[in-house]
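Next comes target_4.txt, a file with compact mmCIF, C-alpha atoms.
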```txt
# COMPACT_ATOMS: atom_id res chain seq x y z
CA MET A 176 -224.26 -185.96 70.65
CA ALA A 177 -224.53 -182.34 69.53
CA ALA A 178 -222.59 -181.20 72.61
CA ALA A 179 -219.75 -183.63 71.79
CA VAL A 180 -219.55 -182.37 68.20
CA ALA A 181 -219.46 -178.76 69.37
CA MET A 182 -216.72 -179.54 71.91
CA ALA A 183 -214.61 -181.26 69.21
CA ALA A 184 -215.00 -178.27 66.89
CA LEU A 185 -213.94 -175.90 69.68
CA CYS A 186 -210.83 -178.00 70.40
CA ARG A 187 -209.87 -177.95 66.73
CA ARG A 188 -210.19 -174.17 66.63
CA LEU A 189 -208.02 -173.74 69.71
CA THR A 190 -205.35 -176.06 68.29
CA GLY A 191 -205.30 -174.14 65.00
CA ALA A 192 -205.00 -170.83 66.84
CA LEU A 193 -202.04 -172.10 68.87
CA ARG A 194 -200.29 -173.36 65.72
CA LEU A 195 -200.75 -170.04 63.96
CA GLY A 196 -199.42 -168.18 66.98
CA SER A 197 -196.23 -170.27 67.20
CA ALA A 198 -195.67 -170.01 63.44
CA ALA A 199 -196.10 -166.23 63.57
CA ALA A 200 -193.60 -165.96 66.43
CA GLY A 201 -191.07 -168.03 64.48
CA LEU A 202 -191.55 -165.92 61.34
CA HIS A 203 -191.20 -162.71 63.36
CA GLY A 204 -187.82 -163.86 64.72
CA LEU A 205 -186.73 -164.97 61.28
CA THR A 206 -187.66 -161.66 59.67
CA GLN A 207 -185.74 -159.82 62.37
CA ASN A 208 -182.63 -161.78 61.53
CA LEU A 209 -182.99 -161.67 57.73
CA PHE A 210 -184.17 -158.10 57.25
CA HIS A 211 -182.18 -156.40 59.97
CA LYS A 212 -180.88 -152.99 59.02
CA ASN A 213 -177.35 -153.83 60.15
CA LEU A 214 -176.32 -156.73 57.89
CA THR A 215 -173.17 -157.40 59.90
CA LYS A 216 -175.23 -158.53 62.88
CA ALA A 217 -177.44 -160.89 60.87
CA GLU A 218 -177.12 -164.42 62.21
CA PRO A 219 -176.37 -167.11 59.59
CA LEU A 220 -178.63 -170.10 59.31
CA HIS A 221 -176.75 -173.31 60.19
CA GLN A 222 -177.77 -176.60 58.62
CA VAL A 223 -177.29 -179.78 60.63
CA LYS A 224 -176.88 -183.10 58.79
CA PHE A 225 -176.94 -186.41 60.63
CA LEU A 226 -176.18 -188.41 57.44
CA HIS A 227 -172.85 -187.97 55.70
CA THR A 228 -173.20 -187.69 51.94
CA THR A 229 -170.98 -186.63 49.07
CA LEU A 230 -170.49 -182.91 48.62
CA PHE A 231 -172.82 -181.39 46.06
CA ARG A 232 -169.83 -179.89 44.26
CA LYS A 233 -168.53 -183.38 43.49
CA GLY A 234 -171.28 -185.46 41.99
CA LEU A 235 -170.40 -187.58 38.98
CA GLU A 236 -166.93 -186.02 38.97
CA GLU A 237 -165.85 -188.55 41.59
CA PHE A 238 -166.15 -191.29 38.95
CA PHE A 239 -163.24 -189.68 37.07
CA ASP A 240 -159.59 -189.31 37.94
CA ASP A 241 -158.04 -186.09 39.21
CA PRO A 242 -157.79 -183.58 36.33
CA ARG A 243 -154.10 -183.16 37.15
CA ASN A 244 -153.57 -186.80 36.08
CA TRP A 245 -155.34 -186.45 32.74
CA GLY A 246 -153.03 -187.20 29.87
CA GLU A 247 -150.33 -188.70 32.09
CA LYS A 248 -148.90 -192.11 31.19
CA THR A 249 -147.97 -193.00 34.77
CA VAL A 250 -149.57 -191.94 38.04
CA LYS A 251 -147.79 -192.28 41.35
CA SER A 252 -149.58 -194.48 43.87
CA GLY A 253 -148.77 -196.19 47.12
CA ASP A 254 -148.62 -199.86 47.88
CA ALA A 255 -151.62 -201.99 48.76
CA TRP A 256 -152.73 -202.35 52.39
CA ASN A 257 -151.34 -205.58 53.80
CA ILE A 258 -152.97 -207.67 56.50
CA ASN A 259 -150.55 -206.65 59.26
CA GLN A 260 -151.33 -202.96 58.74
CA LEU A 261 -155.08 -203.56 58.71
CA ARG A 262 -155.04 -205.68 61.86
CA GLY A 263 -153.87 -202.64 63.85
CA LYS A 264 -156.89 -200.56 62.85
CA SER A 265 -160.26 -200.42 64.54
CA SER A 266 -163.45 -201.70 62.98
CA GLU A 267 -164.66 -198.14 62.39
CA ASP A 268 -161.45 -197.25 60.53
CA LEU A 269 -161.77 -200.40 58.42
CA HIS A 270 -165.34 -199.44 57.59
CA LYS A 271 -164.24 -195.98 56.43
CA LEU A 272 -161.28 -197.35 54.50
CA TRP A 273 -163.52 -199.85 52.72
CA TYR A 274 -165.71 -197.08 51.30
CA VAL A 275 -162.68 -195.00 50.32
CA LEU A 276 -161.30 -197.98 48.40
CA LEU A 277 -164.73 -198.64 46.88
CA LYS A 278 -164.88 -195.10 45.51
CA GLU A 279 -161.34 -195.48 44.17
CA LYS A 280 -162.26 -198.78 42.54
CA ASN A 281 -165.31 -197.25 40.82
CA MET A 282 -163.15 -194.40 39.54
CA LEU A 283 -160.50 -196.79 38.18
CA LEU A 284 -163.11 -198.98 36.51
CA THR A 285 -164.54 -195.90 34.82
CA LEU A 286 -161.05 -194.91 33.70
CA GLU A 287 -160.43 -198.43 32.38
CA GLN A 288 -163.67 -198.41 30.37
CA GLU A 289 -162.93 -194.96 28.98
CA SER A 290 -159.44 -196.07 27.94
CA LYS A 291 -160.93 -199.02 26.10
CA ARG A 292 -163.42 -196.76 24.36
CA GLN A 293 -160.68 -194.40 23.19
CA GLN A 294 -158.34 -197.34 22.42
CA ARG A 295 -155.60 -195.87 24.56
CA PRO A 296 -153.51 -197.46 27.33
CA MET A 297 -154.80 -196.95 30.84
CA PRO A 298 -152.37 -194.89 32.98
CA SER A 299 -150.91 -197.04 35.78
CA PRO A 300 -153.33 -199.99 35.55
CA GLU A 301 -151.67 -201.60 38.58
CA ARG A 302 -153.67 -199.23 40.80
CA LEU A 303 -156.79 -201.33 40.26
CA ASP A 304 -154.97 -204.49 41.39
CA LYS A 305 -153.72 -202.70 44.52
CA VAL A 306 -157.23 -201.52 45.40
CA GLN A 307 -158.72 -204.98 44.88
CA LYS A 308 -155.97 -206.57 46.97
CA SER A 309 -156.55 -204.04 49.76
CA MET A 310 -160.30 -204.72 49.79
CA LYS A 311 -159.65 -208.46 49.87
CA ASN A 312 -157.32 -208.02 52.86
CA ILE A 313 -159.93 -205.93 54.69
CA ASP A 314 -162.47 -208.68 54.12
CA LEU A 315 -160.04 -211.24 55.56
CA VAL A 316 -159.32 -209.13 58.66
CA VAL A 317 -163.03 -208.57 59.31
CA ARG A 318 -163.70 -212.29 58.90
CA GLU A 319 -160.90 -213.08 61.36
CA ARG A 320 -162.46 -210.79 63.96
CA GLU A 321 -165.89 -212.29 63.43
CA ILE A 322 -164.50 -215.81 63.88
CA ALA A 323 -162.60 -214.79 67.03
CA LEU A 324 -165.71 -213.18 68.52
CA ARG A 325 -167.80 -216.21 67.64
CA LEU A 326 -165.28 -218.54 69.29
CA LEU A 327 -165.44 -216.48 72.48
CA GLN A 328 -169.24 -216.34 72.53
CA THR A 329 -170.27 -219.77 71.27
CA GLY A 330 -167.07 -221.80 70.95
CA HIS A 331 -167.80 -222.54 67.27
CA GLU A 332 -165.82 -221.27 64.31
CA LYS A 333 -168.65 -221.43 61.78
CA PRO A 334 -171.74 -219.18 61.98
CA VAL A 335 -173.93 -222.29 62.23
CA PRO A 336 -172.58 -225.22 64.32
CA GLY A 337 -171.92 -228.44 62.47
CA GLU A 338 -169.24 -230.98 61.62
CA TRP A 339 -167.26 -232.38 58.70
CA ARG A 340 -168.95 -235.36 57.06
CA HIS A 341 -168.53 -237.63 54.03
CA ASP A 342 -171.04 -238.39 51.33
CA PHE A 343 -171.46 -241.76 49.61
CA LEU A 344 -168.77 -240.76 47.04
CA GLY A 345 -166.17 -240.06 49.71
CA ARG A 346 -166.27 -236.28 49.32
CA THR A 347 -165.82 -234.24 52.50
CA TYR A 348 -168.15 -231.30 53.16
CA TRP A 349 -169.37 -229.19 56.08
CA TYR A 350 -172.73 -230.29 57.44
CA SER A 351 -174.59 -227.53 59.32
CA TYR A 352 -176.83 -228.61 62.13
CA LYS A 353 -180.50 -227.73 61.79
CA GLU A 354 -183.63 -228.25 63.79
CA TRP A 355 -186.08 -230.94 62.77
CA PRO A 356 -189.69 -231.15 63.92
CA ILE A 357 -189.29 -234.87 64.71
CA PRO A 358 -186.34 -236.93 66.05
CA TRP A 359 -183.74 -238.05 63.52
CA TYR A 360 -184.47 -241.75 64.02
CA LEU A 361 -188.11 -241.12 63.01
CA ASN A 362 -187.26 -238.79 60.12
CA LYS A 363 -187.39 -240.77 56.87
CA LYS A 364 -185.87 -237.92 54.84
CA TYR A 365 -182.87 -237.70 57.13
CA LYS A 366 -182.37 -241.45 57.23
CA LYS A 367 -182.19 -241.60 53.43
CA ARG A 368 -179.04 -239.48 53.47
CA LYS A 369 -175.81 -241.49 53.70
CA PHE A 370 -172.96 -239.93 55.65
CA TYR A 371 -170.52 -242.74 54.89
CA TYR A 372 -168.96 -244.49 51.91
CA LEU A 373 -168.12 -248.10 51.21
CA PRO A 374 -164.52 -249.42 51.03
CA HIS A 375 -164.58 -249.88 47.23
CA VAL A 376 -164.88 -246.07 46.86
CA ASN A 377 -161.29 -245.56 48.11
CA HIS A 378 -159.90 -246.36 44.66
CA PHE A 379 -162.01 -243.62 43.04
CA ILE A 380 -161.07 -241.16 45.79
CA ARG A 381 -157.41 -241.68 44.88
CA LEU A 382 -158.19 -241.15 41.18
CA ARG A 383 -160.09 -237.96 41.92
CA LEU A 384 -157.20 -236.62 44.00
CA GLU A 385 -154.74 -237.51 41.25
CA LYS A 386 -156.88 -235.70 38.68
CA SER A 387 -157.04 -232.53 40.76
CA LEU A 388 -153.25 -232.54 41.25
CA ARG A 389 -152.69 -233.01 37.51
CA LEU A 390 -154.98 -230.09 36.70
CA ARG A 391 -153.22 -227.83 39.19
CA ALA A 392 -149.78 -228.77 37.80
CA ARG A 393 -151.04 -228.12 34.26
CA ARG A 394 -152.29 -224.66 35.21
CA GLN A 395 -148.97 -223.82 36.82
CA ASN A 396 -147.04 -224.96 33.71
CA LEU A 397 -149.28 -222.90 31.45
CA GLU A 398 -148.73 -219.83 33.62
CA LYS A 399 -144.94 -220.31 33.49
CA THR A 400 -145.06 -220.72 29.71
CA ARG A 401 -147.13 -217.55 29.35
CA GLN A 402 -144.65 -215.59 31.47
CA LYS A 403 -141.71 -216.81 29.37
CA VAL A 404 -143.49 -215.78 26.16
CA LEU A 405 -144.15 -212.31 27.58
CA GLU A 406 -140.51 -211.97 28.68
CA ARG A 407 -139.30 -212.83 25.18
CA LYS A 408 -141.81 -210.44 23.64
CA PHE A 409 -141.10 -207.56 26.06
CA PRO A 410 -137.50 -207.98 27.28
CA HIS A 411 -137.29 -204.44 28.69
CA LEU A 412 -140.21 -205.14 31.03
CA ALA A 413 -138.57 -208.40 32.16
CA VAL A 414 -135.34 -206.58 33.06
CA LYS A 415 -137.30 -203.91 34.93
CA SER A 416 -139.25 -206.50 36.96
CA GLN A 417 -136.05 -208.36 37.88
CA SER A 418 -134.38 -205.13 39.02
CA GLN A 419 -137.28 -204.37 41.34
```

Can the structure from this file be put into structure tokens for me?
Amino acid sequence: MAAAVAMAALCRRLTGALRLGSAAAGLHGLTQNLFHKNLTKAEPLHQVKFLHTTLFRKGLEEFFDDPRNWGEKTVKSGDAWNINQLRGKSSEDLHKLWYVLLKEKNMLLTLEQESKRQQRPMPSPERLDKVQKSMKNIDLVVREREIALRLLQTGHEKPVPGEWRHDFLGRTYWYSYKEWPIPWYLNKKYKKRKFYYLPHVNHFIRLRLEKSLRLRARRQNLEKTRQKVLERKFPHLAVKSQSQ
């Protein structure tokens, strides 16, 4: 037992000596580079980063607009990214573009909140709508690619296979298949669910459809009325929109 303890202590001493030797060699090389008499031959220390982060010079400043746009009433901006343009880009480019738009959205939201605080109009507020539309289109393109890949691999459009079913009120919904520990004909919980409706429900289905159509028509009429009121209140903006 004593011999084993002594051998372990000797191994620890040797390991410590080797570590000190390597550290001393590294410090000797470093001091030669840093404290060399000829400063022109001193080798710079390069830092390698495997994770891309924001530059330290631009911290919270990225939440604010470009200083050149401060005080301007209008700021020039391009159009939103449409679906056809985004479909021609790779998934990596879409990933980068998403974060660029996300940073732009955060900046515009900060600008909008600051304009409300100062009770001043936000310069070019349509930029926020363009950014949101672009992000929505990116989401649609990515979802299209996921669906296409899923159809090639599994033959199903949905992430979880299933089918369209009806409940006892005649409403249609997507039923996702799931695994049960016992067969369906022995499962009392599954057998209580009704995936059909009786014939007398057809009348209420028609009434529900009619109600939804009436609500949609009412919303459209209200939107048209609101646009007419705005055109009468701001005729110069109505003429400008028609010219474009």

task: Work out how far apart atom CA of A:Val306 and atom CA of A:Leu261 are and give it in Å to one decimal.
output: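 Going from atom CA of A:Val306 over to atom CA of A:Leu261, I get 13.6 Å.
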
task: Can you work out the spacing between atom CA of A:Leu284 and atom CA of A:Ala255 in Å, to one decimal?
output: 17.1 Å

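Of the residues listed (A:Val316, A:Leu269, A:Leu344, A:Leu327), A:Leu344 shows the shortest atom-to-atom separation from A:Asn377; distances use all atoms listed in the file.
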
- request: Grab the atom CA of A:Tyr372 to atom CA of A:Pro334 distance for me, in Å with one decimal place.
  value: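 So the answer is 27.4 Å.
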
Top pick for closest residue to A:Val275, considering A:Asn362, A:Leu324, A:Met310, A:Gln395 and counting only C-alpha atoms: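 Answer, going by the shortest atom-to-atom distance: A:Met310.
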
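When all atoms listed in the file are used to measure the gap to A:Glu279, the shortest distance among A:Lys311, A:Glu301, A:Phe239, A:Glu247 belongs to A:Phe239.
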
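In this comparison, which uses all atoms listed in the file, the residue of A:Lys278, A:Arg325, A:Arg295, A:Lys248 approaching A:Gln307 most closely is A:Lys278.
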
query: Using all atoms listed in the file, which residue out of A:Thr329, A:Lys366, A:Glu319, A:Tyr371 lies closest to A:Phe343?
result: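 Ranking A:Thr329, A:Lys366, A:Glu319, A:Tyr371 by distance to A:Phe343, first place goes to A:Tyr371.
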